[in-house]
Amino acid sequence: MDRITFYSKDDLIVGYMLGKIEATLKKFDIHNVPTDINDIIELYQIKVYIDADLYLPSWSEETRKNLKIKAKEIWSIICLFFNTLSNDNIEAYYKSISEYDYKRVFWELFSKCNVFKRISEERFIQLMNQTILKTSILTQKRIVAYYNTSIRNMLLTYDKAAEIILDKYERSSNYNNQHEIYLPQSLTLQDKEEIINHYLDWDSANLNYIQFIINSKTQSEFRISDKTRLKAKKRAQSEIEDFHKNGIISTLSIPFKIEFSQSSFTPKTCRRENDTWVLSYSLHYIEKYSDHISLFQNFQSLFEFFDSQSRISLVAHISDIDFLDFIGLHSAYAYPNNHVFQLKNNIAIAQIKAYELMLTKRGISLETIIQDTFNEFCIANSIDNLRIRCFLPNRSTLEKIRFILPELEFILKSYKLYVEDGNIDMELLGISSVPCRIQDIPSSVTKKYAYVIDKQTSHIQRIFFSNQTGLGYIKKLENKTKYQTLYELLLHEDIRFEDIEIYQQPTYQNLIASQYLCIDGNNYIRIQKQAELLLLKDLYTNGCIAYWHISSTYRDVLNQMYAKQQIEFKNTLFSDEEIKFFNYYLNKSEFTNGQDLRNKYIHGTHNIDKETIEQDYLRLLILLISIVWKIIDDVCTKERSQQA
């Protein structure tokens with residue numbers, strides 16, 4: 001049965017539900033109180049919508065006031081009904097709940113109406129055995145506190161209790177609408193570890209949760225011993241081996257190869273050969289500009305490590321998340337290394353390796369290109385004491401790694417001093433042995449990056465630019481071009497209000513009311529605030545905008561958005577997403593799945609496999625290239641901003 005259900009204020013089904021609420025309330029008679037528990041719960045869902053100030057744009061102010069009054073009447077009916085529940089009848093009522101989501105709402109009302117004070121432990125345990133703990137009972141703090149001992153005892157014997165604990169402490173809420181989980185206070189740290197160990201012995205343990213255990217974050221209320229982590233690691237390895245043997249694991253990676261072409265005069269091309277994508281780069285183009293600075297600039301112009309605003313392109317973006325990333329489980333403390341991120345960075349590794357081999361054949365060292373480009377720039381701009389010291393020639397890859405890691409640290413510390421003091425005091429630099437945090441390195445310019453901070457603006461971004469909303473779909477166009485987003489649809493098609501689905505109409509009405517859309521003289525829906533929407537699109541796609549890399553016209557729009565508190569400015573060398581990118585690869589300060597390259601190689605706990613060491617060195621080269629690029633850009637941006 002299609003009943004009214006509240007999911008969230010931002011859910012796109014809100015408009016459809018409000019239409020159903022309007023129809024339901026027209027038939028509602030306070031003197032004819034329903035006796036079906038499903039009807040009672042549905043009335044409560046209506047009240048939730050009204051209390052959340054969710055209305056159809058067509059409703060008048062008087063209608064809205066009347067609905068508020070009606071919500072109070074509805075609540076009285078709900079309380080009267082739930083006050084009739086007792087040990088004798090509650091199980092029968094519970095079994096008659098027909099909607100899956102209504103089972104969760106039942107426990108919400110069980111708490112709000114204080115029903116638990118009339119229900120015995122024995123009857124509660126019977127009900128608990130018939131429900132899904134995680135999505136119902138454990139979302140209600142007062143119920144958990146009241147039946148503290150019974151719930152603890154249940155968790156100690158429940159096979160999936162570990163999944164509940166890991167959902168609470170480890171799982172990310174970015175991929176689902178997970179409600180907060182409460183655990184009984186009597187459940188100790190020892191109990192939780194015992195539950196985790198029991199789970200690791202369970203034949204049906206989920207590999208995703210086992211990975212959570214391996215990378216779990218140590219917290220005051222939840223911590224895993226090293227022995228249990230090792231047990232989880234061994235179980236995970238065993239599971240993966242079994243999957244491979246049975247052909248269960250399939251890869252989503254896209255086969256690709258890198259080539260440098262003697263026959264092509266186009267700087268870069270991409271073509272498909274059977275199942276493989278070939279990224280081809282013209283040797284004629286590369287040889288045309290063969291000085292070190294030009295060869296270094298190929299990391300932007302050819303390999304696209306950096307975009308037109310000098311943002312690092314290899315970082316993980318929220319906008320990269322698609323349907324595939326909603327499959328499975330995600331840790332709240334893990335870097336979002338989704339399949340798009342992995343593909344981008346695997347291609348980058350292949351690009352830099354192929355580039356290195358090509359340059360070596362020409363007698364040019366990639367390390368020397370990076371070093372000379374940076375050092376010559378610093379000399380030309382009178383930045384004393386900021387240099388990359390000479391790379392070690394003819395040394396093993398492991399020795400090169402042990403050279404490059406402190407070099408990264410030295411460059412970042414030096415530039416931080418340069419921005420703060422205007423010069424680099426080597427004596428002062430040598431005093432501190434504390435590692436320099438990426439997020440603490442300032443930019444030499446103000447308004448370096450713009451970020452969205454307003455929730456309503458973020459909602460507008462999602463509506464226009466997310467490919468997960470379904471707003472790009474119009475029935476009359478279903479046999480034509482498929483549009484991924486609302487913005488693409490309205491940019492390319494003439495759409496009238498009557499063309500859109502009923503459930504989509506409230507979203508359009510709200511966008512018209514906020515002047516992001518309008519109806520033109522031909523009754524077509526048109527985009528307004530084009531400049532602001534283009535900026536919001538860039539912010540949605542890339543996470544930030546480099547203020548001084550855009551035109552003065554767009555900077556003026558950003559300033560207006562700042563005045564309306566839609567955005568904020570930050571003055572750091574790296575953007576927020578770039579900071580996370582560096583932290584993911586260099587340490588575990590922010591992410592439990594961090595690669596921790598800095599500490600692994602400094603403390604000698606790295607993998608001894610030669611191929612892995614080679615891959616790690618190439619990743620560190622990418623980080624060094626990124627640091628060099630960002631510092632050069634920052635100094636040039638300061639000069640540009642002073643001329644604006």
# chains A, B, ... in the order shown; residues from 1 in each chain; ligands from 1

call {"tool": "residues_around", "arguments": {"residues": "range 43-48 of chain A", "least_positions_apart": "5", "cutoff": "6 Å", "atoms": "only C-alpha atoms", "output": "list in words"}}
result
Thr5, Phe6 and Ala71 of chain A

call {"tool": "write_last_selection", "arguments": {"atoms": "C-alpha atoms", "output": "PDB file, in the first residue's frame"}}
result
ATOM      1  CA  THR A   5       6.074   8.310   4.720  1.00  0.00           C
ATOM      2  CA  PHE A   6       8.550  10.950   5.868  1.00  0.00           C
ATOM      3  CA  ALA A  71      -1.324  18.790  13.555  1.00  0.00           C
TER       4      ALA A  71
END

call {"tool": "residues_around", "arguments": {"residues": "Tyr182 in chain A", "least_positions_apart": "6", "cutoff": "6 Å", "atoms": "only C-alpha atoms", "output": "ChimeraX atom specification"}}
result
/A:138-139,141

call {"tool": "write_last_selection", "arguments": {"atoms": "N, CA, C and O atoms", "output": "tab-separated table (two decimals), in the first residue's frame"}}
result
chain	number	residue	atom	x	y	z
A	138	LEU	N	17.06	0.50	18.44
A	138	LEU	CA	18.32	1.15	18.81
A	138	LEU	C	18.44	2.59	18.33
A	138	LEU	O	19.41	3.26	18.62
A	139	THR	N	17.44	3.09	17.62
A	139	THR	CA	17.43	4.51	17.24
A	139	THR	C	16.70	5.36	18.29
A	139	THR	O	16.63	6.57	18.15
A	141	LYS	N	16.70	6.49	22.06
A	141	LYS	CA	17.57	6.61	23.24
A	141	LYS	C	16.85	6.20	24.53
A	141	LYS	O	17.41	5.49	25.37

call {"tool": "select_by_dssp", "arguments": {"residues": "range 75-237 of chain A", "states": "alpha helix (DSSP H)", "output": "count of residues only"}}
result
92

call {"tool": "residues_around", "arguments": {"residues": "Leu314 in chain A", "least_positions_apart": "5", "cutoff": "7 Å", "atoms": "only C-alpha atoms", "output": "VMD selection string"}}
result
chain A and resid 305 341 344 to 345

call {"tool": "closest_residue", "arguments": {"among": "A:Ser443, A:Gln456, A:Ser466, A:Thr397", "to": "Glu614 in chain A", "atoms": "only C-alpha atoms"}}
result
A:Thr397

call {"tool": "residues_around", "arguments": {"residues": "Ile438 in chain A", "least_positions_apart": "3", "cutoff": "9 Å", "atoms": "only C-alpha atoms", "output": "list in words"}}
result
Leu412, Ile441, Leu573, Phe574, Ile579, Lys580, Phe582 and Asn583 of chain A

call {"tool": "residues_around", "arguments": {"residues": "Tyr7 in chain A", "least_positions_apart": "3", "cutoff": "12 Å", "atoms": "only C-alpha atoms", "output": "list in words"}}
result
Ile4, Asp10, Asp11, Leu12, Ile13, Val14, Met17, Gln45, Ile46, Val48, Tyr49, Ala52, Asp101, Tyr102, Arg104, Val105, Asn176, Asn177, Gln178 and His179 of chain A

call {"tool": "closest_residue", "arguments": {"among": "A:Tyr415, A:Phe299, A:Phe256, A:Tyr169", "to": "Leu279 in chain A", "atoms": "only C-alpha atoms"}}
result
A:Phe256

call {"tool": "residues_around", "arguments": {"residues": "Asn346 in chain A", "least_positions_apart": "5", "cutoff": "12 Å", "atoms": "only C-alpha atoms", "output": "list of chain:residue names"}}
result
A:Ser253, A:Ile254, A:Pro255, A:Phe256, A:Lys257, A:Ile258, A:Leu314, A:Asn337, A:His339, A:Val340, A:Phe341, A:Gln351, A:Ile352, A:Lys353, A:Gln615, A:Asp616, A:Leu618, A:Arg619, A:Ile622

call {"tool": "residues_around", "arguments": {"residues": "range 480-494 of chain A", "least_positions_apart": "5", "cutoff": "8 Å", "atoms": "only C-alpha atoms", "output": "short mmCIF file (atom, residue, chain, number, x, y, z; two decimals) with all heavy atoms, in the first residue's frame"}}
result
data_model
loop_
_atom_site.label_atom_id
_atom_site.label_comp_id
_atom_site.auth_asym_id
_atom_site.auth_seq_id
_atom_site.Cartn_x
_atom_site.Cartn_y
_atom_site.Cartn_z
N ILE A 463 20.14 19.79 -6.47
CA ILE A 463 18.97 19.74 -7.37
C ILE A 463 19.39 19.95 -8.82
O ILE A 463 18.96 19.23 -9.71
CB ILE A 463 17.93 20.80 -6.94
CG1 ILE A 463 17.24 20.37 -5.65
CG2 ILE A 463 16.90 21.00 -8.04
CD1 ILE A 463 16.32 21.43 -5.07
N PHE A 464 20.25 20.93 -9.06
CA PHE A 464 20.63 21.26 -10.44
C PHE A 464 21.68 20.31 -11.03
O PHE A 464 21.62 19.99 -12.22
CB PHE A 464 21.17 22.70 -10.52
CG PHE A 464 20.11 23.74 -10.74
CD1 PHE A 464 19.72 24.58 -9.71
CD2 PHE A 464 19.50 23.89 -11.98
CE1 PHE A 464 18.75 25.56 -9.90
CE2 PHE A 464 18.52 24.85 -12.19
CZ PHE A 464 18.14 25.69 -11.15
N PHE A 465 22.63 19.85 -10.19
CA PHE A 465 23.82 19.23 -10.77
C PHE A 465 24.06 17.77 -10.38
O PHE A 465 24.95 17.13 -10.94
CB PHE A 465 25.06 20.05 -10.40
CG PHE A 465 24.92 21.50 -10.73
CD1 PHE A 465 24.93 22.47 -9.73
CD2 PHE A 465 24.73 21.92 -12.04
CE1 PHE A 465 24.78 23.81 -10.02
CE2 PHE A 465 24.57 23.26 -12.35
CZ PHE A 465 24.60 24.21 -11.35
N SER A 466 23.29 17.22 -9.45
CA SER A 466 23.47 15.81 -9.11
C SER A 466 22.83 14.91 -10.15
O SER A 466 21.72 15.19 -10.62
CB SER A 466 22.87 15.52 -7.73
OG SER A 466 22.88 14.12 -7.47
N ASN A 467 23.50 13.81 -10.47
CA ASN A 467 22.92 12.85 -11.41
C ASN A 467 22.12 11.77 -10.69
O ASN A 467 21.74 10.77 -11.29
CB ASN A 467 24.02 12.21 -12.28
CG ASN A 467 25.06 11.46 -11.45
OD1 ASN A 467 24.92 11.28 -10.24
ND2 ASN A 467 26.12 11.03 -12.11
N THR A 469 19.29 12.58 -8.75
CA THR A 469 17.98 13.09 -8.37
C THR A 469 16.85 12.62 -9.28
O THR A 469 15.69 12.64 -8.88
CB THR A 469 17.97 14.64 -8.38
OG1 THR A 469 18.20 15.08 -9.72
CG2 THR A 469 19.06 15.19 -7.45
N GLY A 470 17.17 12.25 -10.50
CA GLY A 470 16.12 11.87 -11.46
C GLY A 470 15.42 13.05 -12.10
O GLY A 470 14.48 12.88 -12.90
N LEU A 471 15.87 14.28 -11.79
CA LEU A 471 15.21 15.47 -12.32
C LEU A 471 15.55 15.73 -13.79
O LEU A 471 14.94 16.56 -14.44
CB LEU A 471 15.57 16.69 -11.48
CG LEU A 471 14.92 16.74 -10.09
CD1 LEU A 471 15.54 17.83 -9.24
CD2 LEU A 471 13.41 16.92 -10.20
N GLY A 472 16.55 15.02 -14.30
CA GLY A 472 16.88 15.16 -15.72
C GLY A 472 15.94 14.37 -16.62
O GLY A 472 16.01 14.47 -17.85
N TYR A 473 15.03 13.62 -15.98
CA TYR A 473 14.10 12.78 -16.75
C TYR A 473 12.79 13.52 -17.01
O TYR A 473 12.18 14.09 -16.11
CB TYR A 473 13.79 11.49 -16.00
CG TYR A 473 12.65 10.69 -16.61
CD1 TYR A 473 12.85 9.91 -17.73
CD2 TYR A 473 11.36 10.75 -16.06
CE1 TYR A 473 11.81 9.19 -18.31
CE2 TYR A 473 10.31 10.04 -16.62
CZ TYR A 473 10.54 9.26 -17.74
OH TYR A 473 9.51 8.55 -18.30
N TYR A 524 7.77 28.47 -21.39
CA TYR A 524 8.88 27.55 -21.20
C TYR A 524 9.60 27.88 -19.89
O TYR A 524 9.70 29.04 -19.49
CB TYR A 524 9.87 27.63 -22.37
CG TYR A 524 9.34 27.08 -23.66
CD1 TYR A 524 9.30 27.86 -24.82
CD2 TYR A 524 8.87 25.77 -23.75
CE1 TYR A 524 8.81 27.37 -26.02
CE2 TYR A 524 8.37 25.26 -24.94
CZ TYR A 524 8.34 26.06 -26.06
OH TYR A 524 7.85 25.56 -27.24
N ILE A 525 10.11 26.84 -19.26
CA ILE A 525 10.88 27.02 -18.02
C ILE A 525 12.31 27.38 -18.40
O ILE A 525 12.96 26.64 -19.14
CB ILE A 525 10.86 25.74 -17.16
CG1 ILE A 525 9.42 25.37 -16.80
CG2 ILE A 525 11.69 25.92 -15.90
CD1 ILE A 525 9.28 24.00 -16.15
N ARG A 526 12.81 28.51 -17.90
CA ARG A 526 14.14 28.98 -18.25
C ARG A 526 15.01 29.17 -17.00
O ARG A 526 14.51 29.47 -15.91
CB ARG A 526 14.07 30.32 -19.00
CG ARG A 526 13.28 30.29 -20.31
CD ARG A 526 13.85 29.30 -21.30
NE ARG A 526 13.18 29.36 -22.58
CZ ARG A 526 13.27 28.41 -23.51
NH1 ARG A 526 14.01 27.34 -23.28
NH2 ARG A 526 12.62 28.53 -24.66
N ILE A 527 16.31 29.02 -17.20
CA ILE A 527 17.28 29.21 -16.13
C ILE A 527 17.52 30.70 -15.92
O ILE A 527 17.69 31.45 -16.88
CB ILE A 527 18.61 28.51 -16.46
CG1 ILE A 527 18.42 26.98 -16.45
CG2 ILE A 527 19.71 28.91 -15.49
CD1 ILE A 527 19.62 26.21 -16.96
#

call {"tool": "atom_distance", "arguments": {"atom1": "CA of Leu428 in chain A", "atom2": "CA of Ile602 in chain A"}}
result
23.5 Å

call {"tool": "closest_residue", "arguments": {"among": "A:Glu180, A:Glu99, A:Glu420, A:Asp291", "to": "Ile370 in chain A", "atoms": "only C-alpha atoms"}}
result
A:Asp291

call {"tool": "select_by_dssp", "arguments": {"residues": "range 409-542 of chain A", "states": "strand (DSSP E or B)", "output": "ChimeraX atom specification"}}
result
/A:442,449-452,496,517-519,524-527

call {"tool": "write_last_selection", "arguments": {"atoms": "C-alpha atoms", "output": "PDB file, in the first residue's frame"}}
result
ATOM      1  CA  PRO A 442      49.101  29.425   4.381  1.00  0.00           C
ATOM      2  CA  TYR A 449      39.581  29.482  -2.330  1.00  0.00           C
ATOM      3  CA  ALA A 450      35.796  29.854  -2.141  1.00  0.00           C
ATOM      4  CA  TYR A 451      33.597  27.139  -0.572  1.00  0.00           C
ATOM      5  CA  VAL A 452      29.833  26.733  -0.190  1.00  0.00           C
ATOM      6  CA  ARG A 496       6.796  23.552 -20.066  1.00  0.00           C
ATOM      7  CA  LEU A 517      14.050  29.513 -12.743  1.00  0.00           C
ATOM      8  CA  CYS A 518      11.346  31.534 -14.491  1.00  0.00           C
ATOM      9  CA  ILE A 519       8.527  31.012 -16.998  1.00  0.00           C
ATOM     10  CA  TYR A 524       8.882  27.551 -21.204  1.00  0.00           C
ATOM     11  CA  ILE A 525      10.878  27.023 -18.020  1.00  0.00           C
ATOM     12  CA  ARG A 526      14.141  28.985 -18.247  1.00  0.00           C
ATOM     13  CA  ILE A 527      17.281  29.211 -16.127  1.00  0.00           C
TER      14      ILE A 527
END

call {"tool": "closest_residue", "arguments": {"among": "A:Glu578, A:Asp159, A:Glu122, A:Asp454", "to": "Leu200 in chain A", "atoms": "only C-alpha atoms"}}
result
A:Asp159

call {"tool": "atom_distance", "arguments": {"atom1": "CA of Asn587 in chain A", "atom2": "CA of Asn599 in chain A"}}
result
6.6 Å

call {"tool": "closest_residue", "arguments": {"among": "A:Ile210, A:Ala380, A:Leu624, A:Val445", "to": "Phe410 in chain A", "atoms": "only C-alpha atoms"}}
result
A:Leu624

call {"tool": "closest_residue", "arguments": {"among": "A:Thr605, A:Gln505, A:Thr612, A:Ser290", "to": "Leu359 in chain A", "atoms": "only C-alpha atoms"}}
result
A:Ser290

call {"tool": "atom_distance", "arguments": {"atom1": "CA of Phe265 in chain A", "atom2": "CA of His284 in chain A"}}
result
6.1 Å
